[in-house]
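Engineer: So here's structure.tsv, just TSV, C-alpha atoms (C1' of nucleotides):
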chain	number	residue	atom	x	y	z
N	1	MET	CA	0.00	0.00	0.00
N	2	PHE	CA	1.11	3.49	-0.85
N	3	PHE	CA	0.14	5.78	1.98
N	4	LEU	CA	0.44	9.29	0.70
N	5	LYS	CA	-2.91	11.00	0.35
N	6	GLU	CA	-1.64	13.90	-1.74
N	7	LEU	CA	1.00	13.12	-4.29
N	8	PRO	CA	3.85	15.56	-4.66
N	9	THR	CA	3.62	18.01	-7.53
N	10	LEU	CA	5.96	17.81	-10.47
N	11	GLN	CA	7.74	20.88	-9.11
N	12	MET	CA	8.32	19.22	-5.76
N	13	ILE	CA	9.82	16.16	-7.38
N	14	GLU	CA	12.03	18.29	-9.58
N	15	GLY	CA	13.08	20.16	-6.48
N	16	TYR	CA	14.28	16.94	-4.88
N	17	GLY	CA	16.13	15.72	-7.81
N	18	GLU	CA	19.49	16.28	-9.15
N	19	HIS	CA	19.08	12.54	-8.75
N	20	PHE	CA	17.52	11.66	-12.08
N	21	PRO	CA	17.85	12.76	-15.70
N	22	ALA	CA	15.87	15.50	-17.38
N	23	HIS	CA	12.18	14.69	-17.73
N	24	GLY	CA	12.69	12.06	-15.05
N	25	ALA	CA	10.30	13.81	-12.71
N	26	GLN	CA	7.35	13.15	-15.00
N	27	GLN	CA	8.13	9.45	-14.99
N	28	VAL	CA	8.49	9.41	-11.22
N	29	LEU	CA	5.17	11.18	-10.77
N	30	SER	CA	3.38	8.79	-13.06
N	31	LYS	CA	4.74	5.82	-11.13
N	32	LEU	CA	3.58	7.35	-7.87
N	33	THR	CA	0.15	7.94	-9.38
N	34	PHE	CA	0.10	4.33	-10.50
N	35	LEU	CA	0.97	3.10	-7.00
N	36	ARG	CA	-1.58	5.32	-5.36
N	37	GLU	CA	-4.40	4.23	-7.66
N	38	ALA	CA	-3.55	0.60	-7.20
N	39	SER	CA	-3.59	1.10	-3.43
N	40	LEU	CA	-7.02	2.65	-3.55
N	41	LEU	CA	-8.36	-0.22	-5.64
N	42	GLN	CA	-6.68	-2.71	-3.36
N	43	ARG	CA	-8.26	-1.01	-0.39
N	44	ARG	CA	-11.72	-1.32	-1.92
N	45	LEU	CA	-11.10	-5.02	-2.40
N	46	ASP	CA	-9.79	-5.47	1.14
N	47	THR	CA	-12.85	-3.73	2.56
N	48	TYR	CA	-15.10	-5.96	0.51
N	49	PHE	CA	-13.34	-9.11	1.67
N	50	SER	CA	-13.38	-8.09	5.28
N	51	GLU	CA	-17.12	-7.42	5.08
N	52	HIS	CA	-17.39	-11.08	4.19
N	53	GLY	CA	-15.09	-12.26	6.96
N	54	PHE	CA	-12.50	-12.93	4.34
N	55	SER	CA	-9.17	-11.57	3.24
N	56	GLN	CA	-7.70	-11.37	-0.19
N	57	LEU	CA	-5.17	-14.05	0.61
N	58	ARG	CA	-7.77	-16.41	2.03
N	59	PHE	CA	-9.86	-15.83	-1.06
N	60	LEU	CA	-6.95	-16.40	-3.45
N	61	ALA	CA	-5.97	-19.60	-1.65
N	62	LEU	CA	-9.41	-21.00	-2.43
N	63	VAL	CA	-9.24	-19.66	-5.97
N	64	VAL	CA	-5.99	-21.38	-6.89
N	65	ILE	CA	-7.43	-24.70	-5.82
N	66	ASP	CA	-10.73	-24.04	-7.55
N	67	ARG	CA	-9.22	-22.99	-10.84
N	68	GLU	CA	-7.03	-26.05	-11.22
N	69	ILE	CA	-8.21	-27.96	-14.27
N	70	GLU	CA	-8.75	-31.72	-14.07
N	71	ARG	CA	-7.73	-31.75	-10.40
N	72	ASP	CA	-9.66	-31.23	-7.22
N	73	GLU	CA	-6.80	-30.73	-4.82
N	74	LEU	CA	-3.41	-29.12	-4.42
N	75	SER	CA	-0.65	-29.72	-1.91
N	76	HIS	CA	0.62	-27.11	0.50
N	77	GLY	CA	3.73	-26.76	-1.63
N	78	GLU	CA	1.79	-26.34	-4.86
N	79	ILE	CA	-0.32	-23.64	-3.26
N	80	THR	CA	2.85	-21.93	-2.03
N	81	GLU	CA	4.19	-21.97	-5.58
N	82	ARG	CA	1.10	-20.20	-6.88
N	83	LEU	CA	0.78	-17.57	-4.17
N	84	ASP	CA	3.42	-14.91	-3.66
N	85	VAL	CA	3.62	-15.19	0.13
N	86	SER	CA	5.92	-17.03	2.50
N	87	LYS	CA	5.44	-20.66	3.51
N	88	PRO	CA	4.49	-19.94	7.13
N	89	VAL	CA	1.74	-17.61	5.99
N	90	VAL	CA	0.43	-20.32	3.69
N	91	THR	CA	0.43	-22.78	6.59
N	92	ARG	CA	-1.51	-20.42	8.81
N	93	THR	CA	-3.98	-19.49	6.09
N	94	LEU	CA	-4.71	-23.06	5.03
N	95	ASN	CA	-5.14	-24.14	8.64
N	96	SER	CA	-7.63	-21.43	9.37
N	97	LEU	CA	-9.59	-22.15	6.18
N	98	THR	CA	-9.64	-25.80	7.17
N	99	ASP	CA	-10.79	-25.01	10.69
N	100	GLU	CA	-13.64	-22.98	9.25
N	101	GLY	CA	-14.70	-25.90	7.08
N	102	LEU	CA	-13.90	-24.30	3.73
N	103	LEU	CA	-11.10	-26.74	2.98
N	104	ARG	CA	-10.51	-30.41	3.72
N	105	VAL	CA	-7.00	-31.84	4.25
N	106	SER	CA	-5.61	-35.25	3.68
N	107	ARG	CA	-2.20	-36.85	3.55
N	108	ARG	CA	-0.82	-38.04	0.26
N	109	GLU	CA	-0.30	-41.80	0.35
N	110	GLN	CA	3.01	-41.83	-1.52
N	111	ASP	CA	4.60	-39.23	0.74
N	112	GLY	CA	3.84	-38.95	4.42
N	113	ARG	CA	5.04	-35.36	4.55
N	114	THR	CA	2.75	-33.89	1.97
N	115	LYS	CA	-0.63	-32.43	2.82
N	116	VAL	CA	-3.27	-31.99	0.14
N	117	PHE	CA	-6.17	-29.60	0.32
N	118	GLU	CA	-9.48	-29.57	-1.49
N	119	LEU	CA	-12.51	-27.34	-1.35
N	120	THR	CA	-15.46	-28.49	0.70
N	121	GLN	CA	-19.02	-27.95	-0.45
N	122	GLN	CA	-19.10	-25.00	1.90
N	123	GLY	CA	-15.89	-23.64	0.43
N	124	ARG	CA	-17.33	-23.75	-3.07
N	125	LYS	CA	-20.45	-22.03	-1.86
N	126	LYS	CA	-18.46	-19.30	-0.18
N	127	LEU	CA	-16.44	-18.68	-3.32
N	128	ALA	CA	-19.55	-18.47	-5.44
N	129	HIS	CA	-21.01	-16.04	-2.97
N	130	VAL	CA	-18.00	-13.73	-3.00
N	131	PHE	CA	-17.12	-13.79	-6.69
N	132	PRO	CA	-19.81	-11.48	-8.06
N	133	GLY	CA	-18.96	-8.57	-5.78
N	134	TYR	CA	-15.27	-9.11	-6.42
N	135	PHE	CA	-15.74	-8.91	-10.15
N	136	ALA	CA	-18.03	-5.92	-9.73
N	137	ILE	CA	-15.27	-3.99	-7.97
N	138	LEU	CA	-12.73	-4.94	-10.62
N	139	HIS	CA	-15.15	-4.13	-13.38
N	140	ALA	CA	-16.11	-0.71	-12.03
N	141	ASP	CA	-14.49	2.41	-13.41
N	142	GLY	CA	-11.66	4.14	-11.63
S	1	MET	CA	-0.38	-6.46	-2.20
S	2	PHE	CA	-1.84	-8.77	-4.80
S	3	PHE	CA	-0.52	-12.24	-4.19
S	4	LEU	CA	-1.28	-14.26	-7.27
S	5	LYS	CA	1.86	-15.17	-9.19
S	6	GLU	CA	0.05	-16.26	-12.33
S	7	LEU	CA	-2.95	-14.26	-13.36
S	8	PRO	CA	-5.95	-16.13	-14.64
S	9	THR	CA	-6.40	-16.31	-18.39
S	10	LEU	CA	-9.23	-14.50	-20.10
S	11	GLN	CA	-10.91	-17.86	-20.62
S	12	MET	CA	-10.77	-18.64	-16.92
S	13	ILE	CA	-12.35	-15.34	-16.02
S	14	GLU	CA	-15.04	-15.80	-18.62
S	15	GLY	CA	-15.63	-19.23	-17.20
S	16	TYR	CA	-16.31	-17.77	-13.79
S	17	GLY	CA	-18.60	-15.12	-14.95
S	18	GLU	CA	-22.18	-14.91	-15.74
S	19	HIS	CA	-21.46	-12.19	-13.19
S	20	PHE	CA	-20.47	-9.38	-15.51
S	21	PRO	CA	-21.52	-8.06	-18.91
S	22	ALA	CA	-20.04	-9.07	-22.23
S	23	HIS	CA	-16.41	-7.96	-22.65
S	24	GLY	CA	-16.28	-7.57	-18.89
S	25	ALA	CA	-13.64	-10.23	-18.59
S	26	GLN	CA	-11.11	-8.14	-20.48
S	27	GLN	CA	-11.66	-5.28	-18.06
S	28	VAL	CA	-11.32	-7.57	-15.06
S	29	LEU	CA	-8.10	-9.03	-16.41
S	30	SER	CA	-6.60	-5.63	-17.03
S	31	LYS	CA	-7.40	-4.55	-13.47
S	32	LEU	CA	-5.76	-7.68	-12.13
S	33	THR	CA	-2.71	-7.01	-14.26
S	34	PHE	CA	-2.64	-3.47	-12.93
S	35	LEU	CA	-2.78	-4.70	-9.32
S	36	ARG	CA	-0.12	-7.29	-9.88
S	37	GLU	CA	2.29	-4.84	-11.49
S	38	ALA	CA	1.77	-2.32	-8.75
S	39	SER	CA	2.46	-5.03	-6.17
S	40	LEU	CA	5.70	-5.96	-7.84
S	41	LEU	CA	6.83	-2.33	-7.92
S	42	GLN	CA	5.74	-1.88	-4.33
S	43	ARG	CA	7.73	-4.93	-3.38
S	44	ARG	CA	10.87	-3.53	-4.99
S	45	LEU	CA	10.40	-0.36	-2.98
S	46	ASP	CA	9.79	-2.26	0.25
S	47	THR	CA	12.92	-4.31	-0.29
S	48	TYR	CA	14.91	-1.15	-0.91
S	49	PHE	CA	13.59	0.50	2.24
S	50	SER	CA	14.22	-2.52	4.39
S	51	GLU	CA	17.81	-2.69	3.14
S	52	HIS	CA	18.15	0.76	4.64
S	53	GLY	CA	16.47	-0.16	7.92
S	54	PHE	CA	13.50	1.83	6.78
S	55	SER	CA	9.95	1.22	5.72
S	56	GLN	CA	7.86	3.07	3.21
S	57	LEU	CA	5.69	4.55	5.93
S	58	ARG	CA	8.65	5.71	8.00
S	59	PHE	CA	10.11	7.26	4.88
S	60	LEU	CA	6.87	9.00	3.92
S	61	ALA	CA	6.42	10.36	7.44
S	62	LEU	CA	9.75	12.15	7.07
S	63	VAL	CA	8.85	13.25	3.55
S	64	VAL	CA	5.60	14.95	4.49
S	65	ILE	CA	7.43	17.03	7.09
S	66	ASP	CA	10.30	17.77	4.76
S	67	ARG	CA	8.16	18.86	1.86
S	68	GLU	CA	6.14	21.37	3.83
S	69	ILE	CA	6.87	24.81	2.44
S	70	GLU	CA	7.69	27.67	4.79
S	71	ARG	CA	7.35	25.41	7.83
S	72	ASP	CA	9.78	23.14	9.59
S	73	GLU	CA	7.37	21.11	11.67
S	74	LEU	CA	4.02	19.39	11.61
S	75	SER	CA	1.81	18.17	14.42
S	76	HIS	CA	0.83	14.55	14.90
S	77	GLY	CA	-2.64	15.40	13.62
S	78	GLU	CA	-1.35	17.15	10.52
S	79	ILE	CA	0.84	14.19	9.70
S	80	THR	CA	-2.15	11.89	10.19
S	81	GLU	CA	-4.12	14.00	7.72
S	82	ARG	CA	-1.43	13.60	5.08
S	83	LEU	CA	-0.80	9.88	5.49
S	84	ASP	CA	-3.45	7.31	4.74
S	85	VAL	CA	-2.94	5.22	7.86
S	86	SER	CA	-4.66	5.06	11.24
S	87	LYS	CA	-3.77	7.34	14.15
S	88	PRO	CA	-2.22	4.61	16.31
S	89	VAL	CA	0.11	3.64	13.53
S	90	VAL	CA	1.16	7.26	13.16
S	91	THR	CA	1.85	7.41	16.89
S	92	ARG	CA	4.00	4.34	16.80
S	93	THR	CA	5.87	5.41	13.69
S	94	LEU	CA	6.62	8.92	14.93
S	95	ASN	CA	7.76	7.58	18.28
S	96	SER	CA	10.16	5.15	16.73
S	97	LEU	CA	11.56	7.80	14.37
S	98	THR	CA	12.01	10.07	17.36
S	99	ASP	CA	13.73	7.34	19.38
S	100	GLU	CA	16.14	6.82	16.50
S	101	GLY	CA	16.97	10.49	16.43
S	102	LEU	CA	15.48	11.26	13.02
S	103	LEU	CA	12.75	13.46	14.44
S	104	ARG	CA	12.56	15.86	17.36
S	105	VAL	CA	9.30	16.45	19.29
S	106	SER	CA	8.05	19.42	21.19
S	107	ARG	CA	4.78	20.53	22.71
S	108	ARG	CA	2.91	23.39	21.17
S	109	GLU	CA	2.67	26.27	23.63
S	110	GLN	CA	-0.92	27.24	22.83
S	111	ASP	CA	-2.25	23.72	23.27
S	112	GLY	CA	-0.82	21.28	25.76
S	113	ARG	CA	-2.23	18.31	23.90
S	114	THR	CA	-0.56	18.88	20.58
S	115	LYS	CA	2.82	17.40	19.72
S	116	VAL	CA	4.89	18.87	16.90
S	117	PHE	CA	7.62	17.04	15.04
S	118	GLU	CA	10.52	18.34	13.04
S	119	LEU	CA	13.40	16.68	11.23
S	120	THR	CA	16.72	16.51	12.98
S	121	GLN	CA	19.96	16.99	11.10
S	122	GLN	CA	20.29	13.23	11.11
S	123	GLY	CA	16.77	12.88	9.72
S	124	ARG	CA	17.58	15.18	6.83
S	125	LYS	CA	20.75	13.28	6.15
S	126	LYS	CA	18.93	9.97	6.14
S	127	LEU	CA	16.32	11.28	3.71
S	128	ALA	CA	18.98	12.63	1.39
S	129	HIS	CA	20.72	9.28	1.54
S	130	VAL	CA	17.62	7.29	0.64
S	131	PHE	CA	16.07	9.54	-2.01
S	132	PRO	CA	18.34	8.74	-4.97
S	133	GLY	CA	17.73	4.99	-4.83
S	134	TYR	CA	14.04	5.57	-4.32
S	135	PHE	CA	13.80	7.73	-7.42
S	136	ALA	CA	15.93	5.28	-9.33
S	137	ILE	CA	13.42	2.49	-8.66
S	138	LEU	CA	10.52	4.71	-9.65
S	139	HIS	CA	12.34	5.90	-12.72
S	140	ALA	CA	13.32	2.46	-13.94
S	141	ASP	CA	11.27	0.71	-16.61
S	142	GLY	CA	8.74	-1.95	-15.79
W	1	DT	C1'	21.30	-51.21	7.35
W	2	DT	C1'	23.45	-46.60	8.62
W	3	DC	C1'	24.04	-42.08	7.87
W	4	DC	C1'	23.74	-37.80	5.34
W	5	DT	C1'	21.23	-34.61	2.48
W	6	DT	C1'	17.09	-32.93	0.65
W	7	DT	C1'	12.31	-31.78	0.87
W	8	DA	C1'	7.64	-30.60	3.17
W	9	DG	C1'	5.68	-28.13	6.52
W	10	DT	C1'	5.62	-26.02	11.28
W	11	DT	C1'	6.99	-23.12	15.23
W	12	DA	C1'	8.75	-18.99	17.22
W	13	DT	C1'	9.22	-14.35	16.88
W	14	DC	C1'	9.00	-9.91	14.86
W	15	DA	C1'	7.07	-5.80	12.02
W	16	DT	C1'	3.43	-3.27	10.75
W	17	DG	C1'	-1.37	-2.58	9.38
W	18	DA	C1'	-6.37	-2.01	11.84
W	19	DT	C1'	-10.22	-0.92	15.41
W	20	DA	C1'	-12.06	0.04	19.97
W	21	DA	C1'	-11.61	2.09	24.06
W	22	DC	C1'	-9.25	5.18	26.73
W	23	DC	C1'	-6.93	9.63	29.03
W	24	DA	C1'	-6.23	14.41	29.32
W	25	DA	C1'	-6.26	19.18	27.80
W	26	DA	C1'	-9.36	22.75	25.72
W	27	DG	C1'	-13.34	25.28	25.32
W	28	DG	C1'	-17.94	26.59	26.38
W	29	DA	C1'	-22.53	26.84	28.60
W	30	DA	C1'	-24.85	27.38	32.94
X	1	DT	C1'	-16.40	27.82	39.04
X	2	DT	C1'	-18.49	23.36	37.45
X	3	DC	C1'	-19.58	20.28	34.20
X	4	DC	C1'	-20.08	18.57	29.49
X	5	DT	C1'	-18.45	18.03	24.89
X	6	DT	C1'	-14.85	18.11	21.63
X	7	DT	C1'	-10.25	17.30	20.19
X	8	DG	C1'	-5.37	15.32	20.20
X	9	DG	C1'	-2.94	11.35	21.12
X	10	DT	C1'	-2.17	6.77	23.42
X	11	DT	C1'	-3.01	1.95	24.96
X	12	DA	C1'	-4.59	-2.62	24.27
X	13	DT	C1'	-5.42	-6.07	21.23
X	14	DC	C1'	-5.85	-8.31	16.91
X	15	DA	C1'	-4.74	-9.69	11.85
X	16	DT	C1'	-1.56	-10.71	8.71
X	17	DG	C1'	2.87	-10.07	6.35
X	18	DA	C1'	8.18	-11.72	6.99
X	19	DT	C1'	12.54	-14.51	8.33
X	20	DA	C1'	15.10	-17.97	10.92
X	21	DA	C1'	15.29	-22.11	12.88
X	22	DC	C1'	13.21	-26.39	13.58
X	23	DT	C1'	11.01	-31.45	12.98
X	24	DA	C1'	10.22	-35.33	10.39
X	25	DA	C1'	9.75	-38.09	6.25
X	26	DA	C1'	12.18	-39.42	1.91
X	27	DG	C1'	15.88	-40.84	-0.71
X	28	DG	C1'	20.30	-42.24	-1.80
X	29	DA	C1'	25.35	-43.40	-1.01
X	30	DA	C1'	28.45	-46.39	1.51
Would you encode the structure as structure tokens?
Structural biologist:
Amino acid sequence: MFFLKELPTLQMIEGYGEHFPAHGAQQVLSKLTFLREASLLQRRLDTYFSEHGFSQLRFLALVVIDREIERDELSHGEITERLDVSKPVVTRTLNSLTDEGLLRVSRREQDGRTKVFELTQQGRKKLAHVFPGYFAILHADG
Amino acid sequence: MFFLKELPTLQMIEGYGEHFPAHGAQQVLSKLTFLREASLLQRRLDTYFSEHGFSQLRFLALVVIDREIERDELSHGEITERLDVSKPVVTRTLNSLTDEGLLRVSRREQDGRTKVFELTQQGRKKLAHVFPGYFAILHADG
DNA sequence: TTCCTTTAGTTATCATGATAACCAAAGGAA
DNA sequence: TTCCTTTGGTTATCATGATAACTAAAGGAA
């Protein structure tokens, strides 16, 4: 998240910078604008998820399992590969989703270390319930 | 931060959605791309800050004081107005910056409640040290 | 087999965001 | 004055990101 409510003006940036080439300030400002807009959109999504007792990460963890074609389940490691967060966070997230009954775990027969997760009926229902509003936010202007 | 390493394909999104109008999927995908790119840029910035024992918020707190024209100091409340984070987080951040000697606090004479913060020499030095790399990341392609 | 290395996930701990509830000074109305 | 409301910040507590260090199963060389 980018936490500056008012972006600096072009003049301000130019004032700071003997640090970048001519016309660099414009590029810097447009990147800051980009970050700020993304943060605002991200914040709308986070608010939406939290209204549904969800978080983006918890949602995406269900999504990566759901979207897998010709498979119903993914291992902890496979989920970690698909999500850009650390392993311990994946562990915590999957455990809490399991505790809430949205996922079901089992051990893989061939390898006693591996845990595999699949959506429960309730998990599918929850996803279906949250998707429309999610797409609505992404589809909206701004 | 948007945590999906691989974005869904257009076909996947269309598969999910009777939830949005025709051609909506393209719009959804471009918003997801936007979020993902912003997250990657944000992550480069966060890495840079943490290499300097800094965080984006700590940096921006110094910046909003520094960029104030014709004033050297801002109150806690004024800083809170300029940063898009909650009051308690501002308190904690300003305290830690003060403890590290980057800011100096004083009470405002007219109002015994108000705290005002200004950059120390060390704070200015730190900002000057961090700015070039910050702009370089923002100026870079991608 | 025995032992060493690799791989899968977990535990411990920290940093940093949020909200709710609080304290204390300021500022008026009675 | 006294008391009530408003305003400026803080405390307590939680959620959720990270890294480092750990446990235990797997797999392979000797």
Engineer: May I ask you to extract the residues of chain N within 12 Å of chain W, using all atoms listed in the file, and to give them as an MDAnalysis selection string?
Structural biologist: chainID N and resid 1 3 46:47 50 75:78 80 86:92 94:95 107:108 111:116
Engineer: Between CA of Pro8 in chain S and CA of Val64 in chain N, what is the spacing in Å?
Structural biologist: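 According to the coordinates, CA of Val64 in chain N and CA of Pro8 in chain S are separated by 9.4 Å.
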Engineer: May I have the residues within 12 Å of Leu40 in chain N as a ChimeraX atom specification, using only C-alpha atoms (C1' of nucleotides) and disregarding those fewer than 3 positions away in the same chain?
Structural biologist: /N:1-5,33-37,43-47,137-138,142 /S:1,35,38,84
Engineer: What are the closest atom pairs, with distances in Å to one decimal, for all residues of chain X lying within 10 Å of chain N? Consider all atoms listed in the file, order rows by chain and residue number, and present the result as JSON lines.
Structural biologist:
{"residue": "X:DA15", "atom": "C1'", "partner": "N:Ser55", "partner_atom": "CA", "distance": 9.9}
{"residue": "X:DT16", "atom": "C1'", "partner": "N:Val89", "partner_atom": "CA", "distance": 8.1}
{"residue": "X:DG17", "atom": "C1'", "partner": "N:Val89", "partner_atom": "CA", "distance": 7.6}
{"residue": "X:DA18", "atom": "C1'", "partner": "N:Ser86", "partner_atom": "CA", "distance": 7.3}
{"residue": "X:DT19", "atom": "C1'", "partner": "N:Ser86", "partner_atom": "CA", "distance": 9.2}
{"residue": "X:DA24", "atom": "C1'", "partner": "N:Arg113", "partner_atom": "CA", "distance": 7.8}
{"residue": "X:DA25", "atom": "C1'", "partner": "N:Arg113", "partner_atom": "CA", "distance": 5.7}
{"residue": "X:DA26", "atom": "C1'", "partner": "N:Asp111", "partner_atom": "CA", "distance": 7.7}
Engineer: Using all atoms listed in the file, can you tell me which of S:His139, S:Arg82, S:His23, S:Arg67 comes closest to Glu118 in chain S?
Structural biologist: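 Result for the nearest residue to Glu118 in chain S: S:Arg67.
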Engineer: Could you check how far CA of Ala25 in chain N sits from CA of Ile13 in chain N, in Å to one decimal?
Structural biologist: 5.8 Å
Engineer: For chain S, which residue out of N:Asp99, N:Glu109, N:Glu68, N:Glu73 is the nearest one, using all atoms listed in the file?
Structural biologist: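 Once distances to chain S are computed over all atoms listed in the file, the minimum belongs to N:Glu68.
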Engineer: Do you have the CA of Met12 in chain S-CA of Ser39 in chain S distance handy?
Structural biologist: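 Atom-to-atom, CA of Met12 in chain S to CA of Ser39 in chain S, that is 21.8 Å.
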Engineer: My list of candidates is N:Leu83, N:Leu97, N:Ala140, N:Ile65. Which is closest to chain S when distances are computed with all atoms listed in the file?
Structural biologist: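 Closest to chain S of all the choices is N:Leu83.
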Engineer: Counting only C-alpha atoms (C1' of nucleotides), what is within 12 Å of range 133-135 of chain S, bar same-chain residues fewer than 6 positions away, as a PyMOL selection string?
Structural biologist: (chain N and resi 13-14+16-21+24-32) or (chain S and resi 41-42+44-52+54-56+59-60+127+141)
Engineer: Counting all atoms listed in the file, which of N:Glu81, N:Arg124, N:Glu70, N:Gly53 gets nearest to chain S?
Structural biologist: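 Of the candidates, the smallest distance to chain S is held by N:Glu81.
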Engineer: Listed atoms of range 102-115 of chain N, axis-aligned box, 6 Å per side: centre and edge lengths to one decimal in Å, as JSON?
Structural biologist:
{"center_x": -4.4, "center_y": -33.1, "center_z": 1.5, "size_x": 30.9, "size_y": 29.5, "size_z": 18.1}
Engineer: Can you list, as number ranges by chain, every protein, DNA or RNA residue that comes within 10 Å of Gln121 in chain N when you count all atoms listed in the file, leaving out same-chain residues fewer than 5 positions away?
Structural biologist: N: 101-104, 126
Engineer: Save the residues we just selected, C-alpha atoms, as a PDB file, in the frame of the given file?
Structural biologist:
ATOM      1  CA  GLY N 101     -14.700 -25.900   7.080  1.00  0.00           C
ATOM      2  CA  LEU N 102     -13.900 -24.300   3.730  1.00  0.00           C
ATOM      3  CA  LEU N 103     -11.100 -26.740   2.980  1.00  0.00           C
ATOM      4  CA  ARG N 104     -10.510 -30.410   3.720  1.00  0.00           C
ATOM      5  CA  LYS N 126     -18.460 -19.300  -0.180  1.00  0.00           C
TER       6      LYS N 126
END
Engineer: For a quick check of understanding, using all atoms listed in the file, which of N:Leu119, N:Leu62, N:Leu74, N:Val105 has the smallest distance to chain S?
Structural biologist: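 Once distances to chain S are computed over all atoms listed in the file, the minimum belongs to N:Leu62.
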Engineer: Starting from the incomplete input, reconstruct N, CA and C atoms of range 123-134 of chain N and report them as a PDB file, in the coordinates of the input.
Structural biologist:
ATOM      1  N   GLY N 123     -16.908 -24.479   1.033  1.00  0.00           N
ATOM      2  CA  GLY N 123     -15.890 -23.640   0.430  1.00  0.00           C
ATOM      3  C   GLY N 123     -16.296 -23.169  -0.957  1.00  0.00           C
ATOM      4  N   ARG N 124     -16.841 -24.094  -1.741  1.00  0.00           N
ATOM      5  CA  ARG N 124     -17.330 -23.750  -3.070  1.00  0.00           C
ATOM      6  C   ARG N 124     -18.443 -22.715  -2.996  1.00  0.00           C
ATOM      7  N   LYS N 125     -19.313 -22.934  -2.021  1.00  0.00           N
ATOM      8  CA  LYS N 125     -20.450 -22.030  -1.860  1.00  0.00           C
ATOM      9  C   LYS N 125     -19.969 -20.621  -1.511  1.00  0.00           C
ATOM     10  N   LYS N 126     -19.012 -20.581  -0.599  1.00  0.00           N
ATOM     11  CA  LYS N 126     -18.460 -19.300  -0.180  1.00  0.00           C
ATOM     12  C   LYS N 126     -17.825 -18.559  -1.360  1.00  0.00           C
ATOM     13  N   LEU N 127     -17.051 -19.281  -2.135  1.00  0.00           N
ATOM     14  CA  LEU N 127     -16.440 -18.680  -3.320  1.00  0.00           C
ATOM     15  C   LEU N 127     -17.491 -18.098  -4.245  1.00  0.00           C
ATOM     16  N   ALA N 128     -18.506 -18.907  -4.512  1.00  0.00           N
ATOM     17  CA  ALA N 128     -19.550 -18.470  -5.440  1.00  0.00           C
ATOM     18  C   ALA N 128     -20.257 -17.230  -4.911  1.00  0.00           C
ATOM     19  N   HIS N 129     -20.334 -17.161  -3.599  1.00  0.00           N
ATOM     20  CA  HIS N 129     -21.010 -16.040  -2.970  1.00  0.00           C
ATOM     21  C   HIS N 129     -20.196 -14.750  -3.074  1.00  0.00           C
ATOM     22  N   VAL N 130     -18.876 -14.909  -3.039  1.00  0.00           N
ATOM     23  CA  VAL N 130     -18.000 -13.730  -3.000  1.00  0.00           C
ATOM     24  C   VAL N 130     -17.608 -13.249  -4.405  1.00  0.00           C
ATOM     25  N   PHE N 131     -17.580 -14.156  -5.352  1.00  0.00           N
ATOM     26  CA  PHE N 131     -17.120 -13.790  -6.690  1.00  0.00           C
ATOM     27  C   PHE N 131     -17.831 -12.594  -7.321  1.00  0.00           C
ATOM     28  N   PRO N 132     -19.155 -12.562  -7.326  1.00  0.00           N
ATOM     29  CA  PRO N 132     -19.810 -11.480  -8.060  1.00  0.00           C
ATOM     30  C   PRO N 132     -19.381 -10.087  -7.596  1.00  0.00           C
ATOM     31  N   GLY N 133     -19.345  -9.880  -6.290  1.00  0.00           N
ATOM     32  CA  GLY N 133     -18.960  -8.570  -5.780  1.00  0.00           C
ATOM     33  C   GLY N 133     -17.506  -8.242  -6.098  1.00  0.00           C
ATOM     34  N   TYR N 134     -16.693  -9.280  -6.087  1.00  0.00           N
ATOM     35  CA  TYR N 134     -15.270  -9.110  -6.420  1.00  0.00           C
ATOM     36  C   TYR N 134     -15.124  -8.632  -7.859  1.00  0.00           C
TER      37      TYR N 134
END
